[in-house]
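J.: One structure follows; several queries about it will come next.
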Number of protein chains: 2
Amino acid sequence: MTVEVISVGTELLLGNIVNTNACFLAQRCALLGLSMYNQTVVGDNPKRLGEAVREALLRADLVILTGGLGPTEDDLTKETCAQVLELPLVEDSHTRQRIEEYFKNSIFKEIPDNNWKQAMIPEGAMVLDNDNGTAPGLILEKDHRRLILLPGPPEEMIPLFQGQVEPYLQKLRPELIASRMVKICGKGESQVEKELLDLIDGQTNPTIATYAKTGEVHVRVTACAPNQEVADRLIRPVVKEIKKRFGICVYSTKEEETLEMTVVRLLKKHELTVATAESCTGGLVAGRIVNVPGASDVFREGFVTYSNKAKRKHLDVSKSTIKKYGAVSKETAREMAVGGVFATDSDICVAITGLAGPDGGTEEKPVGLVYMACCMGDHVMTEKYQFKGNRDKIREQSVVRALDLVRRMILEQRGK
Amino acid sequence: MTVEVISVGTELLLGNIVNTNACFLAQRCALLGLSMYNQTVVGDNPKRLGEAVREALLRADLVILTGGLGPTEDDLTKETCAQVLELPLVEDSHTRQRIEEYFKNSIFKEIPDNNWKQAMIPEGAMVLDNDNGTAPGLILEKDHRRLILLPGPPEEMIPLFQGQVEPYLQKLRPELIASRMVKICGKGESQVEKELLDLIDGQTNPTIATYAKTGEVHVRVTACAPNQEVADRLIRPVVKEIKKRFGICVYSTKEEETLEMTVVRLLKKHELTVATAESCTGGLVAGRIVNVPGASDVFREGFVTYSNKAKRKHLDVSKSTIKKYGAVSKETAREMAVGGVFATDSDICVAITGLAGPDGGTEEKPVGLVYMACCMGDHVMTEKYQFKGNRDKIREQSVVRALDLVRRMILEQRGK
């Protein structure tokens, strides 16, 4: 069964708001096993909206529209859809009553006239009561064509979809679609694809798709099956094979687990604490760790030692090391990490020093050169990177690699 | 002149990522005076993509496509567009050379074979060099039809668009559209709109539009004119009026200047240094300051003192203060800021302590409660906020307010 999303609103065409509704609906529809091949954005213009609805109905079994259900004159989604399906508008007494109740306790003394427009519905439509606004959702069915109309504000749309549209869609779907994510750090997207080419080429069910994130590649394995058990049986061996091929580079197979969550989970499991000593990343590694709720169990403190003096003062990096090798060097990174463990009494310290640019690069040490070190007990791992891109990109990649270095250190020293 | 955006990527149809590219392009096109009536999202499927391109070309003078230019097998945007315009693909030696250079200093030992595919371009295409990735942007023109192909990752797409596509588009347009941005911190969007209502209502040329950002509101004043001088003459009095109405809340009228840039600029101007002492924001304030190239002149070091012990050790917060008022209190924030100035010998220190949640809130101190303090010499400013939203949103808002607090402190103590 195929579905399309049409987002209605001139504010989207002007770039005043980001279309998070389409993203939400795409995600939920994928989870419901509906295939989405097109999304469209059109303004509050009945002619263009009508065309978009007609075209979408030619391609898809089901079209979900958001926006344009409000009380104002340029809200025309309902009227346009009724026209496309050739359904007359009739007053819905239940909705009229709900509008009355909605305004009873509001700041408005009387109900603005244009709100009664929202009690008019296409004949035969299913009304989805909206507890967070005055415009109800609507489901229109005619000659095997289905239109689902939802209000635009996410705080109204999301509860309506989850509470009333999902149960409706679940009844319609023939098969279940399930997927698992394998999250990889330390390989580029083209490298990952190359190493999976034989699997990707032969794919039918399950299918394999790769997604590049900054410093990471996510691989999604998706199966279509009559029930969850069969889906799991199709997905499991493929996930196992991918994990085998990428070994330690796989940091998680949980959809919602981020790299920093993995790091915090491993630290908690082994009852370890981590500290940060950052130069070019300027606090962003600490910021990512603190992203994770409950990070306080494993992270107590971090240093942003941007100047050489701060590196010496807080991390006891020796003057001669900085003089001999420079602030951006393996030796300085190592001393920062070792010094960080001592200064904070943490079990682990990760240190980053590099040239994020745009200025300060030399032929010997170009912009993008980043050294990092991780110290745990007597053990120190160091890494050298030459990143590409602008200042932000260099810093973002550094943060991902630094988090991953902590992960690898724990795995190496303590196992899974 | 009309324009459409086609976003290519199965990850959009699956809801794995939000389509921020379409929002960016819509905003920029509106500024360039181009009319956008449709946006489309399609997957990496040549048949459906081809149909979308053909349909868009029937409706619009110009179509901008993002995504599907990568090295992998399912990246087919270029091939599909070449087919629609009936252009053969030829190797571009300049791009081939750039790919070689790109990989020369990268972490990859050899260039994965599939990368060479990116050196193939539709015959006659204008190549837009991509400094942040291997896939170049392309402009295809044939029989008054124009296709602009850009890579999907925003950190590649945005610089390409601003640096090379905008100048190209500017040459096509009949009249000049110029705009100025007034950036406001410390007022909500509806408040800003309310205070500008008389100006907005009467607008024709220039027009006024507000954009809500986390913790900020940007007001854009846009004029349409035969030349820059006339445009400036239309815009200047309106900008002046807005600045007058919002006073100290206006932090910049420069399009590209971010709040952290303003802070670094003011610090440099007055030859001041700043330090950070962060609890709930976990290094993100330092990270934002270090975002600015050349921040090392004004920022030397920062602390992430997540635990109470770290607050005491590095910032000399007294045990009794934490015991009496709690770690999340005005008093603790104040001592963190004062202690930070002493510990780092910086002129200014900004400190943040708060409850980002999701756990740890009480009736007296609910999640979202954040205290911040800024110390400069003998002067300390403190602020209390009750932010809404999830952990990320609370932290993001805190970071913006902390940066703004530094800005206000400098203005108050040293003037503009």
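So you can find residues: chains in the structure tokens are A, B, ... in the order shown, residues in each start at 1, and ligands are numbered from 1 in order.
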Tell me which protein, DNA and RNA residues are within 8 Å of Ile394 in chain A, counting only C-alpha atoms, leaving out same-chain ones fewer than 6 positions away, and put them as a ChimeraX atom specification.
T.: /A:356,368,387-388
J.: Can you build me a table of chain A residues sitting at most 6 Å from chain B, with the closest atom pair per residue and its distance in Å to one decimal, using only C-alpha atoms, sorted by chain and residue number, as a Markdown table?
T.:
| residue | atom | partner | partner_atom | distance |
| --- | --- | --- | --- | --- |
| A:Leu13 | CA | B:Ala26 | CA | 5.7 |
| A:Leu14 | CA | B:Ala26 | CA | 5.1 |
| A:Gly15 | CA | B:Gln27 | CA | 4.3 |
| A:Val18 | CA | B:Cys23 | CA | 5.5 |
| A:Cys23 | CA | B:Gly15 | CA | 4.4 |
| A:Ala26 | CA | B:Gly15 | CA | 4.6 |
| A:Gln27 | CA | B:Gly15 | CA | 4.2 |
| A:Ala30 | CA | B:Leu14 | CA | 5.8 |
| A:Met36 | CA | B:Leu13 | CA | 6.0 |
| A:Tyr37 | CA | B:Val42 | CA | 5.9 |
| A:Asn38 | CA | B:Val42 | CA | 5.0 |
| A:Gln39 | CA | B:Val41 | CA | 4.8 |
| A:Thr40 | CA | B:Thr40 | CA | 4.5 |
| A:Val41 | CA | B:Gln39 | CA | 4.8 |
| A:Val42 | CA | B:Asn38 | CA | 5.0 |
| A:Gly282 | CA | B:Gly287 | CA | 4.6 |
| A:Gly283 | CA | B:Gly283 | CA | 4.1 |
| A:Leu284 | CA | B:Gly287 | CA | 5.3 |
| A:Ala286 | CA | B:Gly283 | CA | 5.6 |
| A:Gly287 | CA | B:Gly282 | CA | 4.6 |
| A:Val290 | CA | B:Gly282 | CA | 5.7 |
| A:Arg300 | CA | B:Ser307 | CA | 4.8 |
| A:Glu301 | CA | B:Thr305 | CA | 4.7 |
| A:Gly302 | CA | B:Val304 | CA | 4.7 |
| A:Phe303 | CA | B:Phe303 | CA | 5.0 |
| A:Val304 | CA | B:Gly302 | CA | 4.7 |
| A:Thr305 | CA | B:Glu301 | CA | 4.7 |
| A:Tyr306 | CA | B:Arg300 | CA | 4.9 |
| A:Ser307 | CA | B:Arg300 | CA | 4.8 |
| A:Gln386 | CA | B:Ser106 | CA | 6.0 |
| A:Gly389 | CA | B:Asn132 | CA | 4.7 |
J.: From a DSSP calculation on the backbone, collect every residue of range 188-391 of chain A in strand (DSSP E) and output the set as a PyMOL selection string.
T.: chain A and resi 207-213+216-225+250-252+274-278+299-305+348-354+369-376+379-386
J.: RMSD over all C-alpha atoms, chain B superposed on chain A in order?
T.: 4.9 Å
J.: Can you pull out every residue within 10 Å of Glu166 in chain A, counting only C-alpha atoms, but drop anything in the same chain fewer than 5 positions away, and send it as a list in words?
T.: Arg28, Cys29, Leu32, Leu160, Phe161, Lys171 and Leu172 of chain A
J.: Quick one: everything within 12 Å of Leu57 in chain B, counting only C-alpha atoms, minus sequence neighbours fewer than 2 positions away in the same chain. Send it as a PDB file with N, CA and C atoms, in the first residue's frame.
T.:
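result_24.pdb written:
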ATOM      1  N   THR B   2       9.929  31.629 -11.792  1.00  0.00           N
ATOM      2  CA  THR B   2       9.488  30.633 -10.806  1.00  0.00           C
ATOM      3  C   THR B   2      10.539  29.542 -10.634  1.00  0.00           C
ATOM      4  N   VAL B   3      10.589  29.018  -9.424  1.00  0.00           N
ATOM      5  CA  VAL B   3      11.588  28.006  -9.079  1.00  0.00           C
ATOM      6  C   VAL B   3      10.899  26.893  -8.297  1.00  0.00           C
ATOM      7  N   GLU B   4      11.394  25.671  -8.461  1.00  0.00           N
ATOM      8  CA  GLU B   4      10.910  24.566  -7.627  1.00  0.00           C
ATOM      9  C   GLU B   4      12.105  23.865  -7.005  1.00  0.00           C
ATOM     10  N   VAL B   5      11.863  23.236  -5.874  1.00  0.00           N
ATOM     11  CA  VAL B   5      12.916  22.457  -5.223  1.00  0.00           C
ATOM     12  C   VAL B   5      12.503  20.989  -5.234  1.00  0.00           C
ATOM     13  N   ILE B   6      13.429  20.144  -5.689  1.00  0.00           N
ATOM     14  CA  ILE B   6      13.217  18.693  -5.588  1.00  0.00           C
ATOM     15  C   ILE B   6      14.298  18.142  -4.663  1.00  0.00           C
ATOM     16  N   ASN B  38       5.914  25.081  -5.526  1.00  0.00           N
ATOM     17  CA  ASN B  38       5.927  23.638  -5.257  1.00  0.00           C
ATOM     18  C   ASN B  38       7.281  23.188  -4.735  1.00  0.00           C
ATOM     19  N   GLY B  50      12.843  11.035 -12.500  1.00  0.00           N
ATOM     20  CA  GLY B  50      12.693  11.573 -13.849  1.00  0.00           C
ATOM     21  C   GLY B  50      11.335  12.229 -14.040  1.00  0.00           C
ATOM     22  N   GLU B  51      10.294  11.561 -13.560  1.00  0.00           N
ATOM     23  CA  GLU B  51       8.939  12.129 -13.654  1.00  0.00           C
ATOM     24  C   GLU B  51       8.833  13.442 -12.893  1.00  0.00           C
ATOM     25  N   ALA B  52       9.411  13.466 -11.704  1.00  0.00           N
ATOM     26  CA  ALA B  52       9.342  14.677 -10.879  1.00  0.00           C
ATOM     27  C   ALA B  52      10.054  15.834 -11.577  1.00  0.00           C
ATOM     28  N   VAL B  53      11.206  15.546 -12.174  1.00  0.00           N
ATOM     29  CA  VAL B  53      11.960  16.604 -12.862  1.00  0.00           C
ATOM     30  C   VAL B  53      11.168  17.108 -14.070  1.00  0.00           C
ATOM     31  N   ARG B  54      10.612  16.175 -14.847  1.00  0.00           N
ATOM     32  CA  ARG B  54       9.828  16.575 -16.030  1.00  0.00           C
ATOM     33  C   ARG B  54       8.643  17.446 -15.629  1.00  0.00           C
ATOM     34  N   GLU B  55       7.921  17.020 -14.613  1.00  0.00           N
ATOM     35  CA  GLU B  55       6.756  17.790 -14.159  1.00  0.00           C
ATOM     36  C   GLU B  55       7.158  19.173 -13.647  1.00  0.00           C
ATOM     37  N   ARG B  59       6.275  23.276 -14.941  1.00  0.00           N
ATOM     38  CA  ARG B  59       5.682  24.330 -14.117  1.00  0.00           C
ATOM     39  C   ARG B  59       6.611  25.517 -13.880  1.00  0.00           C
ATOM     40  N   ALA B  60       7.919  25.238 -13.744  1.00  0.00           N
ATOM     41  CA  ALA B  60       8.835  26.296 -13.277  1.00  0.00           C
ATOM     42  C   ALA B  60       9.940  26.583 -14.284  1.00  0.00           C
ATOM     43  N   ASP B  61      10.523  27.792 -14.164  1.00  0.00           N
ATOM     44  CA  ASP B  61      11.618  28.178 -15.046  1.00  0.00           C
ATOM     45  C   ASP B  61      12.926  27.516 -14.628  1.00  0.00           C
ATOM     46  N   LEU B  62      12.985  27.150 -13.384  1.00  0.00           N
ATOM     47  CA  LEU B  62      14.244  26.730 -12.788  1.00  0.00           C
ATOM     48  C   LEU B  62      13.941  25.678 -11.725  1.00  0.00           C
ATOM     49  N   VAL B  63      14.725  24.602 -11.724  1.00  0.00           N
ATOM     50  CA  VAL B  63      14.516  23.558 -10.717  1.00  0.00           C
ATOM     51  C   VAL B  63      15.825  23.310  -9.978  1.00  0.00           C
ATOM     52  N   ILE B  64      15.772  23.392  -8.664  1.00  0.00           N
ATOM     53  CA  ILE B  64      16.955  23.106  -7.853  1.00  0.00           C
ATOM     54  C   ILE B  64      16.779  21.733  -7.226  1.00  0.00           C
ATOM     55  N   LEU B  65      17.757  20.854  -7.446  1.00  0.00           N
ATOM     56  CA  LEU B  65      17.698  19.520  -6.861  1.00  0.00           C
ATOM     57  C   LEU B  65      18.806  19.373  -5.825  1.00  0.00           C
ATOM     58  N   CYS B  81      18.925  13.548 -14.480  1.00  0.00           N
ATOM     59  CA  CYS B  81      18.740  14.887 -15.056  1.00  0.00           C
ATOM     60  C   CYS B  81      19.346  14.961 -16.456  1.00  0.00           C
ATOM     61  N   VAL B  84      16.875  13.401 -18.763  1.00  0.00           N
ATOM     62  CA  VAL B  84      15.704  14.248 -19.012  1.00  0.00           C
ATOM     63  C   VAL B  84      16.052  15.331 -20.042  1.00  0.00           C
ATOM     64  N   LEU B  85      17.236  15.929 -19.902  1.00  0.00           N
ATOM     65  CA  LEU B  85      17.631  16.987 -20.837  1.00  0.00           C
ATOM     66  C   LEU B  85      18.329  16.428 -22.077  1.00  0.00           C
ATOM     67  N   GLU B 141      21.834  23.869 -18.450  1.00  0.00           N
ATOM     68  CA  GLU B 141      20.925  24.754 -19.183  1.00  0.00           C
ATOM     69  C   GLU B 141      20.681  24.139 -20.547  1.00  0.00           C
ATOM     70  N   LYS B 142      19.418  24.065 -20.922  1.00  0.00           N
ATOM     71  CA  LYS B 142      19.113  23.599 -22.276  1.00  0.00           C
ATOM     72  C   LYS B 142      17.719  24.077 -22.663  1.00  0.00           C
ATOM     73  N   ASP B 143      17.590  24.693 -23.819  1.00  0.00           N
ATOM     74  CA  ASP B 143      16.298  25.185 -24.322  1.00  0.00           C
ATOM     75  C   ASP B 143      15.524  25.965 -23.262  1.00  0.00           C
ATOM     76  N   HIS B 144      16.180  26.934 -22.629  1.00  0.00           N
ATOM     77  CA  HIS B 144      15.548  27.766 -21.603  1.00  0.00           C
ATOM     78  C   HIS B 144      15.102  26.985 -20.376  1.00  0.00           C
ATOM     79  N   ARG B 145      15.563  25.746 -20.283  1.00  0.00           N
ATOM     80  CA  ARG B 145      15.253  25.000 -19.059  1.00  0.00           C
ATOM     81  C   ARG B 145      16.521  24.961 -18.225  1.00  0.00           C
ATOM     82  N   ARG B 146      16.365  25.158 -16.916  1.00  0.00           N
ATOM     83  CA  ARG B 146      17.537  25.196 -16.053  1.00  0.00           C
ATOM     84  C   ARG B 146      17.383  24.232 -14.882  1.00  0.00           C
ATOM     85  N   LEU B 147      18.402  23.407 -14.722  1.00  0.00           N
ATOM     86  CA  LEU B 147      18.444  22.522 -13.553  1.00  0.00           C
ATOM     87  C   LEU B 147      19.710  22.826 -12.765  1.00  0.00           C
ATOM     88  N   ILE B 148      19.566  22.988 -11.459  1.00  0.00           N
ATOM     89  CA  ILE B 148      20.732  23.189 -10.593  1.00  0.00           C
ATOM     90  C   ILE B 148      20.815  22.003  -9.640  1.00  0.00           C
TER      91      ILE B 148
END
